[in-house]
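K.L.:
query-v9.cif (mmCIF, C-alpha atoms) pasted underneath:
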data_protein
loop_
_atom_site.group_PDB
_atom_site.id
_atom_site.type_symbol
_atom_site.label_atom_id
_atom_site.label_comp_id
_atom_site.auth_asym_id
_atom_site.auth_seq_id
_atom_site.Cartn_x
_atom_site.Cartn_y
_atom_site.Cartn_z
ATOM 1 C CA MET M 926 -4.910 -21.893 -0.829
ATOM 2 C CA ALA M 927 -5.950 -19.409 1.863
ATOM 3 C CA GLN M 928 -9.318 -18.930 0.226
ATOM 4 C CA TYR M 929 -10.852 -16.383 2.601
ATOM 5 C CA LYS M 930 -7.837 -14.732 4.225
ATOM 6 C CA HIS M 931 -8.568 -11.340 2.664
ATOM 7 C CA ASN M 932 -12.361 -11.526 2.881
ATOM 8 C CA LEU M 933 -13.633 -13.462 5.898
ATOM 9 C CA PRO M 934 -17.236 -14.438 5.089
ATOM 10 C CA GLN M 935 -18.223 -14.632 8.773
ATOM 11 C CA LEU M 936 -17.950 -10.848 8.893
ATOM 12 C CA SER M 937 -21.295 -10.836 7.090
ATOM 13 C CA SER M 938 -24.633 -11.447 8.793
ATOM 14 C CA ASP M 939 -24.748 -15.099 7.677
ATOM 15 C CA LEU M 940 -24.830 -17.874 10.258
ATOM 16 C CA PHE M 941 -21.645 -19.885 10.789
ATOM 17 C CA ILE M 942 -21.280 -22.832 13.111
ATOM 18 C CA THR M 943 -18.159 -24.414 14.582
ATOM 19 C CA ASP M 944 -17.553 -27.850 15.990
ATOM 20 C CA GLY M 945 -18.239 -28.682 19.623
ATOM 21 C CA GLY M 946 -15.809 -29.644 22.357
ATOM 22 C CA ILE M 947 -13.342 -31.733 20.410
ATOM 23 C CA GLU M 948 -11.331 -32.985 23.362
ATOM 24 C CA THR M 949 -14.288 -33.957 25.556
ATOM 25 C CA THR M 950 -15.989 -35.618 22.581
ATOM 26 C CA LEU M 951 -12.937 -37.710 21.732
ATOM 27 C CA ILE M 952 -12.283 -38.668 25.353
ATOM 28 C CA PHE M 953 -15.788 -39.324 26.658
ATOM 29 C CA ARG M 954 -17.717 -40.312 23.528
ATOM 30 C CA GLU M 955 -14.978 -42.001 21.510
ATOM 31 C CA GLY M 956 -13.081 -43.446 24.464
ATOM 32 C CA LEU M 957 -9.705 -42.119 23.339
ATOM 33 C CA ASP M 958 -6.724 -41.235 25.484
ATOM 34 C CA LEU M 959 -5.634 -37.643 24.848
ATOM 35 C CA PRO M 960 -2.564 -36.880 26.958
ATOM 36 C CA ASP M 961 -2.758 -33.315 28.252
ATOM 37 C CA PHE M 962 -5.987 -32.838 26.242
ATOM 38 C CA ALA M 963 -3.831 -32.771 23.076
ATOM 39 C CA ALA M 964 -6.029 -33.740 20.136
ATOM 40 C CA PHE M 965 -3.226 -32.970 17.673
ATOM 41 C CA ASP M 966 -1.317 -35.986 19.047
ATOM 42 C CA LEU M 967 -3.730 -38.212 17.109
ATOM 43 C CA LEU M 968 -2.089 -37.058 13.877
ATOM 44 C CA ARG M 969 0.962 -39.194 14.687
ATOM 45 C CA HIS M 970 -0.675 -42.285 13.219
ATOM 46 C CA GLU M 971 -3.145 -43.158 10.479
ATOM 47 C CA ALA M 972 -5.869 -44.388 12.839
ATOM 48 C CA GLY M 973 -5.787 -41.100 14.746
ATOM 49 C CA TYR M 974 -5.906 -39.114 11.513
ATOM 50 C CA ARG M 975 -9.037 -41.032 10.499
ATOM 51 C CA VAL M 976 -10.636 -40.276 13.878
ATOM 52 C CA LEU M 977 -10.125 -36.537 13.369
ATOM 53 C CA GLN M 978 -11.281 -36.788 9.767
ATOM 54 C CA LYS M 979 -14.510 -38.466 10.900
ATOM 55 C CA TYR M 980 -14.967 -35.852 13.619
ATOM 56 C CA PHE M 981 -14.732 -32.872 11.257
ATOM 57 C CA ARG M 982 -16.825 -34.590 8.581
ATOM 58 C CA THR M 983 -19.647 -34.808 11.131
ATOM 59 C CA TYR M 984 -19.769 -31.008 11.426
ATOM 60 C CA ALA M 985 -19.194 -30.413 7.728
ATOM 61 C CA SER M 986 -22.205 -32.617 6.985
ATOM 62 C CA LEU M 987 -24.253 -30.767 9.593
ATOM 63 C CA ALA M 988 -23.343 -27.380 8.105
ATOM 64 C CA ARG M 989 -24.167 -28.536 4.603
ATOM 65 C CA ASN M 990 -27.480 -30.051 5.687
ATOM 66 C CA TYR M 991 -28.543 -26.764 7.310
ATOM 67 C CA GLN M 992 -26.928 -24.657 4.560
ATOM 68 C CA VAL M 993 -24.904 -22.573 6.989
ATOM 69 C CA GLY M 994 -21.236 -21.646 7.014
ATOM 70 C CA LEU M 995 -18.642 -23.531 9.036
ATOM 71 C CA ILE M 996 -15.494 -22.432 10.822
ATOM 72 C CA LEU M 997 -13.125 -25.398 10.654
ATOM 73 C CA GLU M 998 -10.970 -24.977 13.766
ATOM 74 C CA SER M 999 -7.758 -27.020 13.711
ATOM 75 C CA ALA M 1000 -7.096 -29.602 16.430
ATOM 76 C CA THR M 1001 -4.056 -27.647 17.636
ATOM 77 C CA TRP M 1002 -5.142 -26.055 20.913
ATOM 78 C CA ARG M 1003 -2.237 -27.809 22.654
ATOM 79 C CA ALA M 1004 0.225 -27.694 19.723
ATOM 80 C CA ASN M 1005 2.498 -24.996 21.151
ATOM 81 C CA PRO M 1006 6.109 -25.366 22.393
ATOM 82 C CA ASP M 1007 5.528 -26.029 26.109
ATOM 83 C CA TRP M 1008 2.812 -28.636 25.645
ATOM 84 C CA GLY M 1009 4.591 -30.145 22.639
ATOM 85 C CA THR M 1010 7.768 -30.589 24.679
ATOM 86 C CA ARG M 1011 5.797 -32.291 27.457
ATOM 87 C CA LEU M 1012 4.552 -34.761 24.859
ATOM 88 C CA GLY M 1013 7.996 -35.402 23.403
ATOM 89 C CA TYR M 1014 7.783 -33.316 20.230
ATOM 90 C CA SER M 1015 10.742 -31.446 18.780
ATOM 91 C CA SER M 1016 10.078 -28.028 17.257
ATOM 92 C CA THR M 1017 10.313 -29.583 13.780
ATOM 93 C CA ALA M 1018 7.891 -32.384 14.633
ATOM 94 C CA LEU M 1019 5.490 -29.951 16.272
ATOM 95 C CA ALA M 1020 5.473 -27.722 13.196
ATOM 96 C CA GLU M 1021 4.651 -30.783 11.096
ATOM 97 C CA MET M 1022 1.688 -31.592 13.357
ATOM 98 C CA ASN M 1023 0.388 -28.050 12.888
ATOM 99 C CA ARG M 1024 0.777 -28.335 9.123
ATOM 100 C CA MET M 1025 -0.996 -31.679 9.049
ATOM 101 C CA ALA M 1026 -3.861 -30.303 11.118
ATOM 102 C CA ILE M 1027 -4.466 -27.546 8.572
ATOM 103 C CA ALA M 1028 -4.020 -29.899 5.604
ATOM 104 C CA LEU M 1029 -6.742 -32.142 7.035
ATOM 105 C CA LEU M 1030 -9.132 -29.178 7.070
ATOM 106 C CA HIS M 1031 -8.297 -28.315 3.461
ATOM 107 C CA ASP M 1032 -9.330 -31.862 2.558
ATOM 108 C CA ILE M 1033 -12.599 -31.481 4.465
ATOM 109 C CA ARG M 1034 -13.345 -28.171 2.742
ATOM 110 C CA ASN M 1035 -12.588 -29.614 -0.694
ATOM 111 C CA GLU M 1036 -15.006 -32.452 0.032
ATOM 112 C CA PHE M 1037 -17.921 -30.559 1.555
ATOM 113 C CA GLU M 1038 -17.950 -26.856 0.698
ATOM 114 C CA THR M 1039 -20.795 -25.480 -1.417
ATOM 115 C CA GLU M 1040 -21.824 -21.984 -2.425
ATOM 116 C CA GLN M 1041 -24.431 -21.968 0.371
ATOM 117 C CA CYS M 1042 -22.028 -23.517 2.895
ATOM 118 C CA ARG M 1043 -18.730 -21.686 2.953
ATOM 119 C CA MET M 1044 -16.018 -23.226 5.097
ATOM 120 C CA VAL M 1045 -13.308 -21.111 6.696
ATOM 121 C CA ILE M 1046 -10.072 -22.707 7.924
ATOM 122 C CA SER M 1047 -8.787 -21.391 11.251
ATOM 123 C CA GLY M 1048 -5.507 -22.244 12.935
ATOM 124 C CA CYS M 1049 -6.353 -22.748 16.607
ATOM 125 C CA ILE M 1050 -3.961 -21.275 19.176
ATOM 126 C CA GLY M 1051 -4.289 -22.295 22.796
ATOM 127 C CA PRO M 1052 -2.833 -20.675 25.906
ATOM 128 C CA ARG M 1053 0.754 -21.378 26.852
ATOM 129 C CA GLY M 1054 -0.355 -22.532 30.278
ATOM 130 C CA ASP M 1055 -3.549 -23.861 31.804
ATOM 131 C CA GLY M 1056 -6.712 -22.694 30.086
ATOM 132 C CA TYR M 1057 -8.405 -21.894 33.391
ATOM 133 C CA ILE M 1058 -5.562 -20.533 35.523
ATOM 134 C CA PRO M 1059 -3.442 -17.530 34.414
ATOM 135 C CA ALA M 1060 -0.319 -18.677 36.242
ATOM 136 C CA ASN M 1061 3.197 -17.743 35.028
ATOM 137 C CA ALA M 1062 1.720 -14.973 32.892
ATOM 138 C CA MET M 1063 3.854 -13.619 30.069
ATOM 139 C CA SER M 1064 4.473 -10.048 29.051
ATOM 140 C CA VAL M 1065 3.123 -8.928 25.686
ATOM 141 C CA ASP M 1066 6.573 -9.259 24.108
ATOM 142 C CA GLU M 1067 7.081 -12.736 25.540
ATOM 143 C CA ALA M 1068 3.669 -13.855 24.277
ATOM 144 C CA ARG M 1069 4.328 -12.470 20.801
ATOM 145 C CA HIS M 1070 7.633 -14.312 20.556
ATOM 146 C CA TYR M 1071 6.219 -17.503 22.066
ATOM 147 C CA HIS M 1072 3.292 -17.854 19.635
ATOM 148 C CA GLN M 1073 4.984 -16.507 16.488
ATOM 149 C CA ALA M 1074 6.262 -19.842 15.148
ATOM 150 C CA GLN M 1075 2.874 -21.555 15.314
ATOM 151 C CA ILE M 1076 1.187 -18.622 13.599
ATOM 152 C CA ASN M 1077 3.834 -18.631 10.872
ATOM 153 C CA THR M 1078 3.189 -22.330 10.332
ATOM 154 C CA PHE M 1079 -0.547 -21.696 9.966
ATOM 155 C CA ARG M 1080 0.193 -18.925 7.461
ATOM 156 C CA ASP M 1081 2.473 -21.152 5.418
ATOM 157 C CA ALA M 1082 -0.106 -23.958 5.519
ATOM 158 C CA GLU M 1083 -2.614 -21.483 4.013
ATOM 159 C CA ALA M 1084 -5.074 -21.167 6.849
ATOM 160 C CA ASP M 1085 -7.568 -18.328 6.390
ATOM 161 C CA LEU M 1086 -7.087 -16.930 9.910
ATOM 162 C CA VAL M 1087 -5.879 -17.786 13.395
ATOM 163 C CA THR M 1088 -8.093 -17.977 16.470
ATOM 164 C CA ALA M 1089 -6.776 -17.797 20.017
ATOM 165 C CA ILE M 1090 -9.061 -19.948 22.146
ATOM 166 C CA THR M 1091 -9.499 -19.849 25.949
ATOM 167 C CA MET M 1092 -7.465 -16.718 26.571
ATOM 168 C CA ASN M 1093 -7.521 -15.916 30.279
ATOM 169 C CA TYR M 1094 -5.397 -12.741 30.487
ATOM 170 C CA VAL M 1095 -4.933 -9.837 28.129
ATOM 171 C CA GLU M 1096 -1.146 -9.770 27.725
ATOM 172 C CA GLU M 1097 -1.121 -13.164 26.031
ATOM 173 C CA ALA M 1098 -4.036 -12.123 23.831
ATOM 174 C CA ILE M 1099 -2.270 -8.916 22.794
ATOM 175 C CA GLY M 1100 0.957 -10.794 22.067
ATOM 176 C CA ILE M 1101 -0.926 -13.210 19.811
ATOM 177 C CA VAL M 1102 -2.590 -10.342 17.961
ATOM 178 C CA GLN M 1103 0.780 -8.679 17.369
ATOM 179 C CA ALA M 1104 2.308 -11.967 16.188
ATOM 180 C CA ALA M 1105 -0.600 -12.423 13.770
ATOM 181 C CA GLN M 1106 -0.100 -8.880 12.497
ATOM 182 C CA ALA M 1107 3.580 -9.645 11.871
ATOM 183 C CA SER M 1108 2.517 -12.686 9.840
ATOM 184 C CA GLU M 1109 -0.218 -10.709 8.064
ATOM 185 C CA MET M 1110 -2.863 -13.117 9.323
ATOM 186 C CA PRO M 1111 -6.402 -12.196 10.387
ATOM 187 C CA VAL M 1112 -6.862 -12.987 14.063
ATOM 188 C CA VAL M 1113 -9.762 -13.662 16.433
ATOM 189 C CA ILE M 1114 -9.488 -13.564 20.220
ATOM 190 C CA SER M 1115 -11.731 -15.763 22.356
ATOM 191 C CA PHE M 1116 -11.725 -15.071 26.088
ATOM 192 C CA THR M 1117 -12.893 -17.432 28.797
ATOM 193 C CA VAL M 1118 -14.669 -16.164 31.910
ATOM 194 C CA GLU M 1119 -15.584 -17.427 35.353
ATOM 195 C CA THR M 1120 -19.112 -17.765 36.733
ATOM 196 C CA ASP M 1121 -19.170 -14.010 37.436
ATOM 197 C CA GLY M 1122 -18.528 -13.139 33.796
ATOM 198 C CA ARG M 1123 -14.997 -11.891 34.514
ATOM 199 C CA LEU M 1124 -11.702 -13.235 33.254
ATOM 200 C CA PRO M 1125 -9.831 -15.509 35.693
ATOM 201 C CA THR M 1126 -7.630 -12.488 36.487
ATOM 202 C CA GLY M 1127 -10.704 -10.627 37.756
ATOM 203 C CA GLN M 1128 -10.696 -8.197 34.834
ATOM 204 C CA SER M 1129 -14.066 -7.510 33.255
ATOM 205 C CA LEU M 1130 -14.694 -8.784 29.750
ATOM 206 C CA LYS M 1131 -15.516 -5.225 28.698
ATOM 207 C CA ASP M 1132 -12.166 -3.918 29.919
ATOM 208 C CA ALA M 1133 -10.243 -6.850 28.425
ATOM 209 C CA ILE M 1134 -11.678 -6.236 24.965
ATOM 210 C CA ALA M 1135 -11.122 -2.490 25.310
ATOM 211 C CA GLN M 1136 -7.490 -3.029 26.339
ATOM 212 C CA VAL M 1137 -6.691 -5.350 23.444
ATOM 213 C CA ASP M 1138 -8.364 -3.004 20.972
ATOM 214 C CA ALA M 1139 -6.570 0.040 22.378
ATOM 215 C CA VAL M 1140 -3.110 -1.522 22.207
ATOM 216 C CA THR M 1141 -3.582 -3.145 18.779
ATOM 217 C CA ASN M 1142 -5.654 -0.437 17.078
ATOM 218 C CA ASN M 1143 -8.707 -2.715 16.872
ATOM 219 C CA ALA M 1144 -6.712 -5.406 15.076
ATOM 220 C CA PRO M 1145 -8.788 -8.507 15.970
ATOM 221 C CA ALA M 1146 -11.389 -9.273 13.325
ATOM 222 C CA TYR M 1147 -13.779 -9.933 16.205
ATOM 223 C CA TYR M 1148 -13.974 -11.470 19.665
ATOM 224 C CA MET M 1149 -15.514 -14.629 21.031
ATOM 225 C CA ILE M 1150 -16.339 -16.148 24.420
ATOM 226 C CA ASN M 1151 -15.593 -19.810 25.028
ATOM 227 C CA CYS M 1152 -15.344 -22.450 27.754
ATOM 228 C CA ALA M 1153 -18.056 -20.874 29.916
ATOM 229 C CA HIS M 1154 -21.798 -21.423 30.157
ATOM 230 C CA PRO M 1155 -24.210 -18.697 28.941
ATOM 231 C CA THR M 1156 -25.477 -18.257 32.497
ATOM 232 C CA HIS M 1157 -21.948 -17.206 33.488
ATOM 233 C CA PHE M 1158 -21.699 -14.236 31.149
ATOM 234 C CA ALA M 1159 -25.142 -13.250 29.845
ATOM 235 C CA SER M 1160 -25.627 -10.703 32.630
ATOM 236 C CA VAL M 1161 -22.464 -8.723 31.742
ATOM 237 C CA LEU M 1162 -23.557 -8.261 28.130
ATOM 238 C CA VAL M 1163 -25.492 -5.031 28.419
ATOM 239 C CA ALA M 1164 -27.611 -4.274 25.370
ATOM 240 C CA GLY M 1165 -26.677 -1.067 23.618
ATOM 241 C CA GLU M 1166 -23.123 -0.827 24.913
ATOM 242 C CA PRO M 1167 -20.767 -0.410 21.925
ATOM 243 C CA TRP M 1168 -18.165 -2.927 23.119
ATOM 244 C CA ILE M 1169 -20.492 -5.894 22.719
ATOM 245 C CA GLU M 1170 -20.652 -5.194 18.988
ATOM 246 C CA ARG M 1171 -17.123 -6.614 18.839
ATOM 247 C CA ILE M 1172 -18.400 -10.057 19.929
ATOM 248 C CA ARG M 1173 -19.344 -12.300 17.012
ATOM 249 C CA GLY M 1174 -18.788 -15.756 18.401
ATOM 250 C CA ILE M 1175 -19.828 -17.988 21.302
ATOM 251 C CA ARG M 1176 -18.445 -21.451 22.040
ATOM 252 C CA ALA M 1177 -20.112 -22.244 25.343
ATOM 253 C CA ASN M 1178 -19.715 -25.210 27.652
ATOM 254 C CA ALA M 1179 -22.596 -27.645 27.944
ATOM 255 C CA SER M 1180 -22.325 -27.558 31.725
ATOM 256 C CA ALA M 1181 -23.084 -24.662 34.052
ATOM 257 C CA LYS M 1182 -20.387 -25.892 36.448
ATOM 258 C CA SER M 1183 -17.469 -23.648 37.292
ATOM 259 C CA HIS M 1184 -13.996 -24.260 35.894
ATOM 260 C CA ALA M 1185 -12.914 -25.634 39.269
ATOM 261 C CA GLU M 1186 -15.838 -28.054 39.362
ATOM 262 C CA LEU M 1187 -15.162 -29.214 35.806
ATOM 263 C CA ASN M 1188 -11.501 -29.824 36.640
ATOM 264 C CA GLU M 1189 -12.513 -32.094 39.515
ATOM 265 C CA SER M 1190 -15.222 -33.974 37.615
ATOM 266 C CA GLU M 1191 -14.486 -37.525 36.457
ATOM 267 C CA THR M 1192 -17.647 -37.759 34.341
ATOM 268 C CA LEU M 1193 -18.917 -35.659 31.482
ATOM 269 C CA ASP M 1194 -21.719 -33.174 32.099
ATOM 270 C CA ASP M 1195 -23.246 -32.720 28.652
ATOM 271 C CA GLY M 1196 -26.118 -30.542 29.853
ATOM 272 C CA ASN M 1197 -29.261 -30.152 27.769
ATOM 273 C CA PRO M 1198 -28.708 -29.479 24.046
ATOM 274 C CA GLU M 1199 -32.147 -27.919 23.455
ATOM 275 C CA GLU M 1200 -31.810 -25.641 26.473
ATOM 276 C CA LEU M 1201 -28.384 -24.531 25.274
ATOM 277 C CA GLY M 1202 -29.788 -23.795 21.825
ATOM 278 C CA ASN M 1203 -32.478 -21.596 23.349
ATOM 279 C CA GLN M 1204 -29.880 -19.759 25.440
ATOM 280 C CA TYR M 1205 -27.926 -18.988 22.264
ATOM 281 C CA ARG M 1206 -31.092 -17.624 20.676
ATOM 282 C CA GLU M 1207 -31.588 -15.346 23.671
ATOM 283 C CA LEU M 1208 -27.984 -14.145 23.432
ATOM 284 C CA LYS M 1209 -28.647 -13.103 19.843
ATOM 285 C CA ASP M 1210 -31.212 -10.584 21.145
ATOM 286 C CA THR M 1211 -28.379 -8.747 22.915
ATOM 287 C CA LEU M 1212 -25.410 -9.524 20.677
ATOM 288 C CA LYS M 1213 -26.602 -8.129 17.367
ATOM 289 C CA ASN M 1214 -23.436 -9.186 15.518
ATOM 290 C CA LEU M 1215 -23.412 -12.717 16.932
ATOM 291 C CA ASN M 1216 -23.215 -15.157 14.032
ATOM 292 C CA VAL M 1217 -20.458 -17.684 14.857
ATOM 293 C CA LEU M 1218 -22.058 -20.339 17.037
ATOM 294 C CA GLY M 1219 -20.327 -23.417 18.377
ATOM 295 C CA GLY M 1220 -19.476 -25.380 21.466
ATOM 296 C CA CYS M 1221 -16.752 -26.091 23.981
ATOM 297 C CA CYS M 1222 -16.394 -28.615 26.817
ATOM 298 C CA GLY M 1223 -19.151 -31.215 26.933
ATOM 299 C CA THR M 1224 -20.786 -30.210 23.648
ATOM 300 C CA ASP M 1225 -20.951 -32.327 20.502
ATOM 301 C CA ASP M 1226 -22.915 -32.461 17.261
ATOM 302 C CA ARG M 1227 -26.205 -32.838 19.169
ATOM 303 C CA HIS M 1228 -25.672 -29.444 20.776
ATOM 304 C CA ILE M 1229 -24.604 -27.755 17.554
ATOM 305 C CA GLU M 1230 -27.656 -29.120 15.741
ATOM 306 C CA ALA M 1231 -29.891 -27.873 18.556
ATOM 307 C CA ILE M 1232 -28.250 -24.442 18.241
ATOM 308 C CA CYS M 1233 -28.952 -24.471 14.502
ATOM 309 C CA LYS M 1234 -32.595 -25.363 15.054
ATOM 310 C CA ALA M 1235 -33.044 -22.685 17.704
ATOM 311 C CA CYS M 1236 -31.164 -19.885 15.963
ATOM 312 C CA LEU M 1237 -31.747 -20.325 12.241
ATOM 313 C CA PRO M 1238 -35.277 -18.854 12.379
ATOM 314 C CA VAL M 1239 -33.776 -15.700 13.911
ATOM 315 C CA PHE M 1240 -31.265 -15.391 11.067
ATOM 316 C CA TRP M 1241 -33.884 -16.118 8.406
ATOM 317 C CA MET M 1242 -36.123 -13.416 9.869
ATOM 318 C CA HIS M 1243 -33.203 -10.971 9.835
ATOM 319 C CA LEU M 1244 -32.425 -11.766 6.206
ATOM 320 C CA SER M 1245 -36.087 -11.372 5.260
ATOM 321 C CA GLN M 1246 -36.186 -7.962 6.922
ATOM 322 C CA GLN M 1247 -33.012 -6.930 5.079
ATOM 323 C CA SER M 1248 -34.499 -8.060 1.781
ATOM 324 C CA LEU M 1249 -37.712 -6.125 2.444
ATOM 325 C CA MET M 1250 -35.768 -2.956 3.310
ATOM 326 C CA GLN M 1251 -33.765 -3.260 0.093
ATOM 327 C CA ARG M 1252 -36.972 -3.453 -1.944
ATOM 328 C CA VAL M 1253 -38.327 -0.344 -0.217
#
Please render this file's structure as structure tokens.
P.N.:
Amino acid sequence: MAQYKHNLPQLSSDLFITDGGIETTLIFREGLDLPDFAAFDLLRHEAGYRVLQKYFRTYASLARNYQVGLILESATWRANPDWGTRLGYSSTALAEMNRMAIALLHDIRNEFETEQCRMVISGCIGPRGDGYIPANAMSVDEARHYHQAQINTFRDAEADLVTAITMNYVEEAIGIVQAAQASEMPVVISFTVETDGRLPTGQSLKDAIAQVDAVTNNAPAYYMINCAHPTHFASVLVAGEPWIERIRGIRANASAKSHAELNESETLDDGNPEELGNQYRELKDTLKNLNVLGGCCGTDDRHIEAICKACLPVFWMHLSQQSLMQRV
């Protein structure tokens, strides 16, 4: 069942983690071939299903060990019509892949969830085109129509919410929000930015969030930033500005390289997990509502554990202060 659809626990002040960069982990650490970066393609066969099961169990174990929540993000970033067609999937077969991806996460939750470690199932929506380049941009109406079927599948598979990852222009983000509203699904929008902290279109992150909120009447449950390094966007997050209160999640890259440099790289830059953890802790000083912490390209369970170690003391201190204020 969609256990948290009507009451997302990450809207509290509790710490939730996500997985790391699933595609880069499977390609560079597991040695797998993912055509077009499509992790969902592994669901075609039993061996691939077991690989994904092992991958998500790693993060479920980590969350349970640290007694934090976990956002289980489905391996469906590429499971939309254009990419599915490139890989030879019919619309029926693609819908089945999306269903299987959510069913796998239900199994993980049933196995690992505890009262101290709540696990939220999110249907992951990727961009229609390239994650870094906003070419062939859609109108809002086109984006709503394009993404509606996948969102409906996530709803019917009883996901708790949908999350649009690596959005690089606002019209697609708005279309996804409207499609989620039509399906009565909670929705999260995660933008990617370049090294200057702006979207690939040149629009500021502040203006992008403001535009989506204005058109959709603040419909997204919250916003995230992904597929960029903290050094790329920390400077645009000005403490005290109301718009940054809408940001609850960060899924940063391990590498400080630009998108263009990452595209040209034939080796994995996995950065420094401890340094990344400390950068997340520093971001928490500015982003007061930040409580969904995970990774993107180049990150794996080492990085997420380092983030837990760096950031948990901050959350424990916050909870202690809340408890003290309640007693007073």
K.L.:
Could you give me, as a compact mmCIF listing (two decimals) with C-alpha atoms, keeping the file's coordinate frame, the residues within 8 Å of Cys1152 in chain M, counting only C-alpha atoms and dropping anything in the same chain fewer than 6 positions from it?
P.N.:
# COMPACT_ATOMS: atom_id res chain seq x y z
CA THR M 1091 -9.50 -19.85 25.95
CA THR M 1117 -12.89 -17.43 28.80
CA VAL M 1118 -14.67 -16.16 31.91
CA ARG M 1176 -18.44 -21.45 22.04
CA ALA M 1177 -20.11 -22.24 25.34
CA ASN M 1178 -19.72 -25.21 27.65
CA CYS M 1221 -16.75 -26.09 23.98
CA CYS M 1222 -16.39 -28.62 26.82
K.L.:
Would you list the residues near (-12.0, -15.7, 29.3) (no more than 7 Å away, in the coordinates of the file, using all atoms listed in the file) as a list in words?
P.N.:
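These residues have at least one counted atom within 7 Å: Thr1091, Met1092, Asn1093, Ser1115, Phe1116, Thr1117, Val1118, Leu1124, Pro1125, Ile1150 and Asn1151 of chain M.
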K.L.:
Taking into account all atoms listed in the file, which residue in the set M:Gln928, M:Ser1129, M:Asn1035, M:Ser1064 is nearest to Ser1047 in chain M?
P.N.:
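With all atoms listed in the file as the atom set, the closest residue is M:Gln928.
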K.L.:
Could you make a table, as CSV, of the residues of range 1026-1080 of chain M that have an atom within 9 Å of an atom of range 1108-1114 of chain M, each with its nearest atom pair and distance in Å to one decimal, counting all atoms listed in the file, in chain and number order?
P.N.:
residue,atom,partner,partner_atom,distance
M:Gln1073,CA,M:Ser1108,CA,8.1
M:Ile1076,CA,M:Ser1108,CA,7.2
M:Asn1077,CA,M:Ser1108,CA,6.2
M:Phe1079,CA,M:Met1110,CA,8.9
M:Arg1080,CA,M:Met1110,CA,6.8
K.L.:
Arg1206 in chain M: which residues within 8 Å, counting all atoms listed in the file, same-chain residues fewer than 6 positions away excluded, as a list of chain:residue names?
P.N.:
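Everything that qualifies: M:Ile1232, M:Ala1235, M:Cys1236, M:Val1239.
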K.L.:
Expanded to explicit residues, what is the PyMOL selection byres ((chain M and resi 1227) around 12) for this file, as a ChimeraX atom specification?
P.N.:
/M:944-946,950,983-984,987,1179,1195-1202,1219-1220,1223-1226,1228-1234
K.L.:
Go ahead and write the selection's residues with C-alpha atoms as a PDB file, in the frame of the given file.
P.N.:
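The file below, out-v8.pdb, is the result:
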ATOM      1  CA  ASP M 944     -17.553 -27.850  15.990  1.00  0.00           C
ATOM      2  CA  GLY M 945     -18.239 -28.682  19.623  1.00  0.00           C
ATOM      3  CA  GLY M 946     -15.809 -29.644  22.357  1.00  0.00           C
ATOM      4  CA  THR M 950     -15.989 -35.618  22.581  1.00  0.00           C
ATOM      5  CA  THR M 983     -19.647 -34.808  11.131  1.00  0.00           C
ATOM      6  CA  TYR M 984     -19.769 -31.008  11.426  1.00  0.00           C
ATOM      7  CA  LEU M 987     -24.253 -30.767   9.593  1.00  0.00           C
ATOM      8  CA  ALA M1179     -22.596 -27.645  27.944  1.00  0.00           C
ATOM      9  CA  ASP M1195     -23.246 -32.720  28.652  1.00  0.00           C
ATOM     10  CA  GLY M1196     -26.118 -30.542  29.853  1.00  0.00           C
ATOM     11  CA  ASN M1197     -29.261 -30.152  27.769  1.00  0.00           C
ATOM     12  CA  PRO M1198     -28.708 -29.479  24.046  1.00  0.00           C
ATOM     13  CA  GLU M1199     -32.147 -27.919  23.455  1.00  0.00           C
ATOM     14  CA  GLU M1200     -31.810 -25.641  26.473  1.00  0.00           C
ATOM     15  CA  LEU M1201     -28.384 -24.531  25.274  1.00  0.00           C
ATOM     16  CA  GLY M1202     -29.788 -23.795  21.825  1.00  0.00           C
ATOM     17  CA  GLY M1219     -20.327 -23.417  18.377  1.00  0.00           C
ATOM     18  CA  GLY M1220     -19.476 -25.380  21.466  1.00  0.00           C
ATOM     19  CA  GLY M1223     -19.151 -31.215  26.933  1.00  0.00           C
ATOM     20  CA  THR M1224     -20.786 -30.210  23.648  1.00  0.00           C
ATOM     21  CA  ASP M1225     -20.951 -32.327  20.502  1.00  0.00           C
ATOM     22  CA  ASP M1226     -22.915 -32.461  17.261  1.00  0.00           C
ATOM     23  CA  HIS M1228     -25.672 -29.444  20.776  1.00  0.00           C
ATOM     24  CA  ILE M1229     -24.604 -27.755  17.554  1.00  0.00           C
ATOM     25  CA  GLU M1230     -27.656 -29.120  15.741  1.00  0.00           C
ATOM     26  CA  ALA M1231     -29.891 -27.873  18.556  1.00  0.00           C
ATOM     27  CA  ILE M1232     -28.250 -24.442  18.241  1.00  0.00           C
ATOM     28  CA  CYS M1233     -28.952 -24.471  14.502  1.00  0.00           C
ATOM     29  CA  LYS M1234     -32.595 -25.363  15.054  1.00  0.00           C
TER      30      LYS M1234
END
K.L.:
I'd like the interatomic distance between CA of Pro1006 in chain M and CA of Asn1188 in chain M, to a tenth of an Å.
P.N.:
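Taking CA of Pro1006 in chain M as the start and CA of Asn1188 in chain M as the end point, the length is 23.1 Å.
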K.L.:
Counting all atoms listed in the file, which residue out of M:Gly1127, M:Gly1122, M:Gly1009, M:Gly1056 sits closest to Gln1075 in chain M?
P.N.:
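Checking each candidate against Gln1075 in chain M, we get M:Gly1009 as the closest.
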K.L.:
In terms of the shortest atom-to-atom distance over all atoms listed in the file, which of M:Met1149, M:Ala1026, M:Ala963, M:Leu1193 is closest to Asn1214 in chain M?
P.N.:
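When distances to Asn1214 in chain M are compared using all atoms listed in the file, the smallest one comes from M:Met1149.
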K.L.:
Can you work out the spacing between CA of Gln1204 in chain M and CA of Thr943 in chain M in Å, to one decimal?
P.N.:
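Calculated distance between CA of Gln1204 in chain M and CA of Thr943 in chain M is 16.6 Å.
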